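Written below as structure tokens is the structure these notes are about.
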Amino acid sequence: MSGEADIAVTLDDIAAFIGAIEDLGRGIANLFSLTTSDGQKHKVEAVFDDGVGRKAGIKKTAQGFAIVKDCHGLSPAQKATQDKSIKQVVQRYSYRKVVKQLQSQGYAVAEEKKGTDGSIRLVARKWGT
């Protein structure tokens with residue numbers, strides 16, 4: 001079964017998303033088709049490793065981009081690993097978007113702390129104002 005990741009972040013910057021995948025050391029390919037294990041073909045902008053040895057893709061939608069993942073035949077533990085892996089990519093994408101927005105407004109990241117729960121806390125400062 002293929003499906004789209006259920007996430008609350010609007011993916012609207014393909015370059016930032018690809019950068020997030022590269023930041024995490026995930027393999028990425030600029031392919032235009034992803035065939036999931038159930039035989040469905042999906043038109044995608046890029047394909048990346050989903051954390052369980054399968055591929056996930058970034059698909060253009062009317063709202064921006066969505067993640068297509070292949071979860072057909074995965075055990076509950078594998079699905080949880082896949083979801084965690086994709087959430088890490090989305091978190092890194094969000095991080096890149098926030099930092100880019102801060103920089104565009106003249107801020108610099110002064111401090112970054114990673115929580116034990118995987119959260120990231122940023123402190124930004126704007127000098128000279």
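Here, A, B, ... name the chains of the structure tokens in the order displayed, residue numbers run from 1 inside each chain, and ligands are numbered from 1 in the same displayed order.
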task: Mind the document's chain letters and residue numbers, and return as number ranges by chain the residues of chain A that DSSP labels helix (DSSP H, G or I).
output: A: 14-23, 76-104
Expected file contents, prior selection, N, CA and C atoms, as an mmCIF file, in the first residue's frame:
data_model
loop_
_atom_site.group_PDB
_atom_site.id
_atom_site.type_symbol
_atom_site.label_atom_id
_atom_site.label_comp_id
_atom_site.auth_asym_id
_atom_site.auth_seq_id
_atom_site.Cartn_x
_atom_site.Cartn_y
_atom_site.Cartn_z
ATOM 1 N N ILE A 14 10.979 22.910 -2.768
ATOM 2 C CA ILE A 14 11.607 21.637 -3.117
ATOM 3 C C ILE A 14 13.104 21.675 -2.845
ATOM 4 N N ALA A 15 13.763 22.813 -3.090
ATOM 5 C CA ALA A 15 15.207 22.908 -2.857
ATOM 6 C C ALA A 15 15.530 22.725 -1.373
ATOM 7 N N ALA A 16 14.725 23.323 -0.494
ATOM 8 C CA ALA A 16 14.938 23.176 0.950
ATOM 9 C C ALA A 16 14.684 21.736 1.379
ATOM 10 N N PHE A 17 13.697 21.089 0.773
ATOM 11 C CA PHE A 17 13.403 19.708 1.130
ATOM 12 C C PHE A 17 14.539 18.790 0.700
ATOM 13 N N ILE A 18 15.048 18.987 -0.503
ATOM 14 C CA ILE A 18 16.176 18.176 -0.977
ATOM 15 C C ILE A 18 17.402 18.448 -0.107
ATOM 16 N N GLY A 19 17.609 19.695 0.289
ATOM 17 C CA GLY A 19 18.703 20.028 1.193
ATOM 18 C C GLY A 19 18.571 19.319 2.533
ATOM 19 N N ALA A 20 17.345 19.219 3.035
ATOM 20 C CA ALA A 20 17.107 18.519 4.302
ATOM 21 C C ALA A 20 17.468 17.046 4.182
ATOM 22 N N ILE A 21 17.117 16.440 3.073
ATOM 23 C CA ILE A 21 17.443 15.028 2.844
ATOM 24 C C ILE A 21 18.961 14.855 2.801
ATOM 25 N N GLU A 22 19.629 15.759 2.110
ATOM 26 C CA GLU A 22 21.092 15.692 2.024
ATOM 27 C C GLU A 22 21.735 15.936 3.390
ATOM 28 N N ASP A 23 21.186 16.866 4.192
ATOM 29 C CA ASP A 23 21.709 17.135 5.539
ATOM 30 C C ASP A 23 21.729 15.867 6.382
ATOM 31 N N PRO A 76 4.168 -3.478 11.818
ATOM 32 C CA PRO A 76 3.930 -2.257 12.593
ATOM 33 C C PRO A 76 5.234 -1.582 13.045
ATOM 34 N N ALA A 77 6.229 -2.370 13.422
ATOM 35 C CA ALA A 77 7.510 -1.804 13.849
ATOM 36 C C ALA A 77 8.209 -1.115 12.678
ATOM 37 N N GLN A 78 8.157 -1.715 11.495
ATOM 38 C CA GLN A 78 8.771 -1.094 10.314
ATOM 39 C C GLN A 78 8.040 0.188 9.934
ATOM 40 N N LYS A 79 6.700 0.170 10.038
ATOM 41 C CA LYS A 79 5.933 1.390 9.744
ATOM 42 C C LYS A 79 6.307 2.507 10.710
ATOM 43 N N ALA A 80 6.493 2.156 11.979
ATOM 44 C CA ALA A 80 6.880 3.157 12.979
ATOM 45 C C ALA A 80 8.265 3.714 12.659
ATOM 46 N N THR A 81 9.186 2.850 12.255
ATOM 47 C CA THR A 81 10.529 3.296 11.875
ATOM 48 C C THR A 81 10.465 4.197 10.647
ATOM 49 N N GLN A 82 9.649 3.802 9.668
ATOM 50 C CA GLN A 82 9.489 4.603 8.453
ATOM 51 C C GLN A 82 8.914 5.977 8.794
ATOM 52 N N ASP A 83 7.869 6.008 9.609
ATOM 53 C CA ASP A 83 7.252 7.280 10.004
ATOM 54 C C ASP A 83 8.249 8.175 10.744
ATOM 55 N N LYS A 84 9.030 7.580 11.653
ATOM 56 C CA LYS A 84 10.023 8.345 12.406
ATOM 57 C C LYS A 84 11.070 8.921 11.453
ATOM 58 N N SER A 85 11.506 8.122 10.501
ATOM 59 C CA SER A 85 12.506 8.554 9.532
ATOM 60 C C SER A 85 11.992 9.720 8.682
ATOM 61 N N ILE A 86 10.762 9.611 8.215
ATOM 62 C CA ILE A 86 10.184 10.675 7.396
ATOM 63 C C ILE A 86 9.952 11.929 8.235
ATOM 64 N N LYS A 87 9.561 11.764 9.484
ATOM 65 C CA LYS A 87 9.390 12.921 10.373
ATOM 66 C C LYS A 87 10.711 13.645 10.609
ATOM 67 N N GLN A 88 11.818 12.900 10.645
ATOM 68 C CA GLN A 88 13.134 13.537 10.784
ATOM 69 C C GLN A 88 13.436 14.413 9.569
ATOM 70 N N VAL A 89 13.091 13.917 8.387
ATOM 71 C CA VAL A 89 13.308 14.700 7.165
ATOM 72 C C VAL A 89 12.441 15.959 7.204
ATOM 73 N N VAL A 90 11.186 15.811 7.600
ATOM 74 C CA VAL A 90 10.276 16.961 7.665
ATOM 75 C C VAL A 90 10.762 17.964 8.717
ATOM 76 N N GLN A 91 11.261 17.463 9.848
ATOM 77 C CA GLN A 91 11.791 18.360 10.874
ATOM 78 C C GLN A 91 12.981 19.141 10.327
ATOM 79 N N ARG A 92 13.868 18.455 9.610
ATOM 80 C CA ARG A 92 15.039 19.133 9.057
ATOM 81 C C ARG A 92 14.625 20.149 8.000
ATOM 82 N N TYR A 93 13.604 19.808 7.214
ATOM 83 C CA TYR A 93 13.051 20.750 6.232
ATOM 84 C C TYR A 93 12.530 21.997 6.960
ATOM 85 N N SER A 94 11.774 21.787 8.020
ATOM 86 C CA SER A 94 11.223 22.911 8.791
ATOM 87 C C SER A 94 12.339 23.767 9.369
ATOM 88 N N TYR A 95 13.368 23.125 9.878
ATOM 89 C CA TYR A 95 14.531 23.837 10.424
ATOM 90 C C TYR A 95 15.142 24.733 9.346
ATOM 91 N N ARG A 96 15.381 24.174 8.170
ATOM 92 C CA ARG A 96 15.982 24.942 7.083
ATOM 93 C C ARG A 96 15.097 26.125 6.682
ATOM 94 N N LYS A 97 13.787 25.911 6.631
ATOM 95 C CA LYS A 97 12.856 26.991 6.276
ATOM 96 C C LYS A 97 12.872 28.101 7.324
ATOM 97 N N VAL A 98 12.879 27.740 8.598
ATOM 98 C CA VAL A 98 12.888 28.734 9.672
ATOM 99 C C VAL A 98 14.184 29.542 9.638
ATOM 100 N N VAL A 99 15.323 28.859 9.514
ATOM 101 C CA VAL A 99 16.609 29.555 9.482
ATOM 102 C C VAL A 99 16.684 30.480 8.267
ATOM 103 N N LYS A 100 16.211 30.022 7.128
ATOM 104 C CA LYS A 100 16.215 30.856 5.919
ATOM 105 C C LYS A 100 15.358 32.105 6.124
ATOM 106 N N GLN A 101 14.197 31.935 6.727
ATOM 107 C CA GLN A 101 13.299 33.065 6.984
ATOM 108 C C GLN A 101 13.921 34.038 7.984
ATOM 109 N N LEU A 102 14.526 33.506 9.029
ATOM 110 C CA LEU A 102 15.202 34.369 10.012
ATOM 111 C C LEU A 102 16.311 35.181 9.351
ATOM 112 N N GLN A 103 17.125 34.514 8.546
ATOM 113 C CA GLN A 103 18.230 35.200 7.877
ATOM 114 C C GLN A 103 17.724 36.279 6.927
ATOM 115 N N SER A 104 16.620 36.014 6.252
ATOM 116 C CA SER A 104 16.069 37.002 5.320
ATOM 117 C C SER A 104 15.570 38.250 6.050
#
- request: Name all residues at most 12 Å from range 43-47 of chain A (count only C-alpha atoms; drop same-chain ones fewer than 3 positions away) and give them as an MDAnalysis selection string.
  value: chainID A and resid 4 13:15 17:19 21:22 26:36 40 50 54:61 64:70
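Candidate residues A:Thr116, A:Gln105, A:Asp38, A:Val52 were compared for distance to His72 in chain A, and the nearest is A:Asp38, using only C-alpha atoms.
Distance-wise, CA of Gly53 in chain A and CA of Asp117 in chain A end up 24.3 Å apart.
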message: Based on the backbone DSSP call, show me all residues of chain A assigned strand (DSSP E), as JSON, numbers by chain.
response: {"A": [2, 3, 4, 28, 29, 33, 34, 35, 41, 42, 43, 46, 47, 48, 49, 55, 56, 57, 58, 59, 60, 61, 64, 65, 66, 67, 68, 69, 70, 108, 109, 110, 111, 112, 113, 114, 120, 121, 122, 123, 124, 125]}
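Of note, CA of Leu122 in chain A and CA of Gly106 in chain A are spaced 15.1 Å apart.
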